[in-house]
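Encoded as structure tokens, the structure appears first; notes follow it.
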Amino acid sequence: MGGLDDVNGRAGAAPISAAHVISAVCQHYKILPAQIWARNRRAEIVMPRHVAMALAVEMTGAGVTALASVFDRDHSTVLHAVRRVRALADDPAMARRLAVLRVAIRLRAMREAEDAAATRESACERQIVDRLGSGGDLDRARSLAGVLARRRAHEPRGRVFRAARSGREVMQ
């Protein structure tokens, strides 16, 4: 995991949830997630809410009705948000903002997936230490260590990103 294709949304990218979309949009617009669900109609809240709804429809693969329940709205409200954001996407500034948000959402999903994998890996390491420390099943500990080593051998050493201006790949 963690390659350029993952960031661009292809080839085995981490699954994206509505929570990833909402947290990225809230961070970008500097609002609280509670404001997304609030019944507030102020423009500084409505626009991020519409952007979150539209990106959630686009990126999660979930149905409009399911996302409507996530946002505590009617399905027609979600459809209206999608249409409105698509209309505003013709503006270059809004198109850039949406592109930045898409990348931020994908990165957030990738980080969460990597954290989950690291948690599973550390649990495996704890099992190995427990088995070796207690004089337990040495063969099972060696087997777990082999699985862990194979996992690590197939992982990239860092994340590959395409530099925005030069188009070169950069390893981090």
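How things are named: the first chain in the structure tokens is A, the next is B, and so on; residues count from 1 in each chain; ligands count from 1 in the order shown.
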Tell me, which residues of region 3-102 of chain A carry DSSP helix (DSSP H, G or I), written as a compact mmCIF listing (two decimals) with N, CA and C atoms, in the first residue's frame?
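Just written: selection.txt:
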# COMPACT_ATOMS: atom_id res chain seq x y z
N LEU A 4 1.69 5.73 -5.66
CA LEU A 4 1.10 6.84 -6.39
C LEU A 4 -0.30 6.50 -6.86
N ASP A 5 -0.51 5.26 -7.29
CA ASP A 5 -1.84 4.87 -7.74
C ASP A 5 -2.86 4.97 -6.63
N ASP A 6 -2.46 4.68 -5.38
CA ASP A 6 -3.37 4.80 -4.26
C ASP A 6 -3.83 6.25 -4.08
N VAL A 7 -2.91 7.18 -4.18
CA VAL A 7 -3.25 8.59 -4.01
C VAL A 7 -4.18 9.05 -5.12
N ALA A 18 -17.56 7.82 4.45
CA ALA A 18 -18.12 9.16 4.62
C ALA A 18 -17.39 9.90 5.74
N ALA A 19 -16.92 9.17 6.74
CA ALA A 19 -16.18 9.80 7.84
C ALA A 19 -14.88 10.43 7.34
N HIS A 20 -14.20 9.77 6.39
CA HIS A 20 -12.98 10.36 5.81
C HIS A 20 -13.32 11.66 5.11
N VAL A 21 -14.40 11.65 4.35
CA VAL A 21 -14.80 12.84 3.59
C VAL A 21 -15.16 13.97 4.54
N ILE A 22 -15.98 13.67 5.53
CA ILE A 22 -16.43 14.71 6.46
C ILE A 22 -15.25 15.31 7.22
N SER A 23 -14.34 14.47 7.71
CA SER A 23 -13.22 15.02 8.48
C SER A 23 -12.29 15.86 7.61
N ALA A 24 -12.05 15.43 6.37
CA ALA A 24 -11.19 16.22 5.48
C ALA A 24 -11.83 17.55 5.12
N VAL A 25 -13.13 17.54 4.83
CA VAL A 25 -13.83 18.78 4.48
C VAL A 25 -13.86 19.73 5.68
N CYS A 26 -14.12 19.18 6.86
CA CYS A 26 -14.15 20.03 8.06
C CYS A 26 -12.79 20.65 8.33
N GLN A 27 -11.75 19.88 8.16
CA GLN A 27 -10.41 20.42 8.37
C GLN A 27 -10.09 21.50 7.34
N HIS A 28 -10.47 21.27 6.09
CA HIS A 28 -10.19 22.23 5.03
C HIS A 28 -10.93 23.55 5.26
N TYR A 29 -12.21 23.45 5.60
CA TYR A 29 -13.02 24.66 5.78
C TYR A 29 -12.97 25.21 7.21
N PRO A 33 -17.26 18.96 12.77
CA PRO A 33 -18.17 17.98 12.16
C PRO A 33 -19.62 18.16 12.61
N ALA A 34 -19.82 18.60 13.83
CA ALA A 34 -21.19 18.83 14.32
C ALA A 34 -21.91 19.88 13.47
N GLN A 35 -21.15 20.82 12.92
CA GLN A 35 -21.76 21.86 12.09
C GLN A 35 -22.24 21.29 10.75
N ILE A 36 -21.61 20.21 10.28
CA ILE A 36 -22.07 19.56 9.05
C ILE A 36 -23.47 19.00 9.25
N TRP A 37 -23.72 18.41 10.43
CA TRP A 37 -25.02 17.80 10.69
C TRP A 37 -26.05 18.78 11.23
N ALA A 43 -24.23 30.42 4.96
CA ALA A 43 -23.44 30.08 3.77
C ALA A 43 -22.11 29.45 4.12
N GLU A 44 -21.47 29.91 5.22
CA GLU A 44 -20.16 29.36 5.58
C GLU A 44 -20.27 27.92 6.10
N ILE A 45 -21.47 27.46 6.37
CA ILE A 45 -21.70 26.07 6.78
C ILE A 45 -22.30 25.26 5.64
N VAL A 46 -23.19 25.88 4.87
CA VAL A 46 -23.89 25.16 3.80
C VAL A 46 -22.91 24.71 2.71
N MET A 47 -21.98 25.57 2.31
CA MET A 47 -21.05 25.19 1.24
C MET A 47 -20.20 23.98 1.63
N PRO A 48 -19.56 23.96 2.80
CA PRO A 48 -18.81 22.75 3.18
C PRO A 48 -19.69 21.51 3.27
N ARG A 49 -20.92 21.69 3.75
CA ARG A 49 -21.85 20.56 3.83
C ARG A 49 -22.14 20.01 2.44
N HIS A 50 -22.40 20.91 1.49
CA HIS A 50 -22.68 20.48 0.11
C HIS A 50 -21.46 19.80 -0.51
N VAL A 51 -20.29 20.36 -0.27
CA VAL A 51 -19.05 19.77 -0.80
C VAL A 51 -18.86 18.37 -0.21
N ALA A 52 -19.08 18.23 1.09
CA ALA A 52 -18.93 16.92 1.74
C ALA A 52 -19.92 15.92 1.16
N MET A 53 -21.15 16.34 0.95
CA MET A 53 -22.15 15.43 0.39
C MET A 53 -21.77 15.01 -1.03
N ALA A 54 -21.36 15.96 -1.85
CA ALA A 54 -21.01 15.66 -3.24
C ALA A 54 -19.79 14.75 -3.31
N LEU A 55 -18.76 15.03 -2.51
CA LEU A 55 -17.57 14.19 -2.53
C LEU A 55 -17.85 12.80 -1.96
N ALA A 56 -18.74 12.73 -0.98
CA ALA A 56 -19.10 11.42 -0.42
C ALA A 56 -19.81 10.57 -1.48
N VAL A 57 -20.71 11.18 -2.24
CA VAL A 57 -21.39 10.45 -3.31
C VAL A 57 -20.38 9.99 -4.34
N GLU A 58 -19.46 10.87 -4.70
CA GLU A 58 -18.47 10.57 -5.73
C GLU A 58 -17.45 9.51 -5.29
N MET A 59 -16.99 9.59 -4.05
CA MET A 59 -15.83 8.80 -3.65
C MET A 59 -16.12 7.53 -2.86
N THR A 60 -17.27 7.45 -2.20
CA THR A 60 -17.52 6.29 -1.35
C THR A 60 -18.19 5.14 -2.09
N VAL A 64 -27.21 7.30 -2.59
CA VAL A 64 -27.65 8.62 -2.12
C VAL A 64 -28.50 8.48 -0.86
N THR A 65 -29.34 7.47 -0.82
CA THR A 65 -30.20 7.28 0.35
C THR A 65 -29.38 6.96 1.59
N ALA A 66 -28.37 6.11 1.44
CA ALA A 66 -27.51 5.77 2.58
C ALA A 66 -26.75 7.00 3.06
N LEU A 67 -26.23 7.78 2.12
CA LEU A 67 -25.49 8.98 2.51
C LEU A 67 -26.41 10.03 3.12
N ALA A 68 -27.66 10.06 2.66
CA ALA A 68 -28.61 11.01 3.25
C ALA A 68 -28.78 10.72 4.74
N SER A 69 -28.82 9.46 5.10
CA SER A 69 -28.96 9.14 6.53
C SER A 69 -27.69 9.49 7.30
N VAL A 70 -26.52 9.35 6.66
CA VAL A 70 -25.27 9.73 7.32
C VAL A 70 -25.26 11.23 7.63
N HIS A 75 -32.80 12.41 0.88
CA HIS A 75 -32.00 12.07 -0.30
C HIS A 75 -32.03 13.18 -1.34
N SER A 76 -33.14 13.92 -1.42
CA SER A 76 -33.22 15.00 -2.40
C SER A 76 -32.27 16.14 -2.04
N THR A 77 -31.98 16.32 -0.77
CA THR A 77 -31.02 17.34 -0.34
C THR A 77 -29.62 16.96 -0.81
N VAL A 78 -29.29 15.67 -0.71
CA VAL A 78 -27.99 15.21 -1.17
C VAL A 78 -27.88 15.39 -2.68
N LEU A 79 -28.93 15.06 -3.42
CA LEU A 79 -28.92 15.25 -4.87
C LEU A 79 -28.75 16.72 -5.23
N HIS A 80 -29.43 17.60 -4.50
CA HIS A 80 -29.28 19.03 -4.73
C HIS A 80 -27.83 19.47 -4.49
N ALA A 81 -27.21 18.96 -3.44
CA ALA A 81 -25.82 19.31 -3.13
C ALA A 81 -24.90 18.85 -4.25
N VAL A 82 -25.12 17.65 -4.76
CA VAL A 82 -24.28 17.13 -5.85
C VAL A 82 -24.41 18.02 -7.08
N ARG A 83 -25.63 18.37 -7.44
CA ARG A 83 -25.85 19.23 -8.62
C ARG A 83 -25.21 20.60 -8.43
N ARG A 84 -25.35 21.14 -7.24
CA ARG A 84 -24.81 22.47 -6.97
C ARG A 84 -23.29 22.49 -7.04
N VAL A 85 -22.65 21.48 -6.46
CA VAL A 85 -21.19 21.42 -6.48
C VAL A 85 -20.69 21.18 -7.90
N ARG A 86 -21.38 20.34 -8.66
CA ARG A 86 -20.99 20.14 -10.06
C ARG A 86 -21.07 21.43 -10.85
N ALA A 87 -22.10 22.23 -10.60
CA ALA A 87 -22.24 23.51 -11.29
C ALA A 87 -21.12 24.47 -10.89
N LEU A 88 -20.76 24.46 -9.61
CA LEU A 88 -19.70 25.35 -9.12
C LEU A 88 -18.32 24.87 -9.52
N PRO A 92 -12.52 27.79 -11.67
CA PRO A 92 -11.18 27.22 -11.46
C PRO A 92 -10.78 27.10 -9.98
N ALA A 93 -11.15 28.08 -9.18
CA ALA A 93 -10.80 28.03 -7.75
C ALA A 93 -11.51 26.87 -7.06
N MET A 94 -12.77 26.68 -7.39
CA MET A 94 -13.53 25.57 -6.80
C MET A 94 -13.01 24.23 -7.31
N ALA A 95 -12.65 24.16 -8.57
CA ALA A 95 -12.10 22.92 -9.13
C ALA A 95 -10.80 22.54 -8.42
N ARG A 96 -9.95 23.53 -8.15
CA ARG A 96 -8.71 23.27 -7.41
C ARG A 96 -9.01 22.80 -5.99
N ARG A 97 -9.95 23.47 -5.35
CA ARG A 97 -10.32 23.11 -3.98
C ARG A 97 -10.82 21.66 -3.93
N LEU A 98 -11.65 21.28 -4.89
CA LEU A 98 -12.17 19.91 -4.93
C LEU A 98 -11.04 18.90 -5.18
N ALA A 99 -10.10 19.26 -6.05
CA ALA A 99 -8.98 18.37 -6.32
C ALA A 99 -8.12 18.17 -5.07
N VAL A 100 -7.87 19.25 -4.36
CA VAL A 100 -7.09 19.17 -3.13
C VAL A 100 -7.81 18.30 -2.10
N LEU A 101 -9.12 18.48 -1.99
CA LEU A 101 -9.90 17.69 -1.04
C LEU A 101 -9.90 16.21 -1.41
N ARG A 102 -10.00 15.90 -2.70
CA ARG A 102 -9.98 14.49 -3.12
C ARG A 102 -8.68 13.81 -2.70
Rounded to one decimal in Å, what is the spacing between CA of Arg106 (chain A) and CA of Asp74 (chain A)?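 These two atoms are separated by 26.3 Å.
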Under the rule that only C-alpha atoms are counted, which of A:Ala89, A:Met110, A:Ala116, A:Ile16 is the nearest residue to Ala62 (chain A)? A:Ile16
Rank A:Arg39, A:Ala14, A:Ser122, A:Gly63 by their smallest atom-to-atom distance to Ile105 (chain A), using only C-alpha atoms, and report the top residue only. A:Ala14
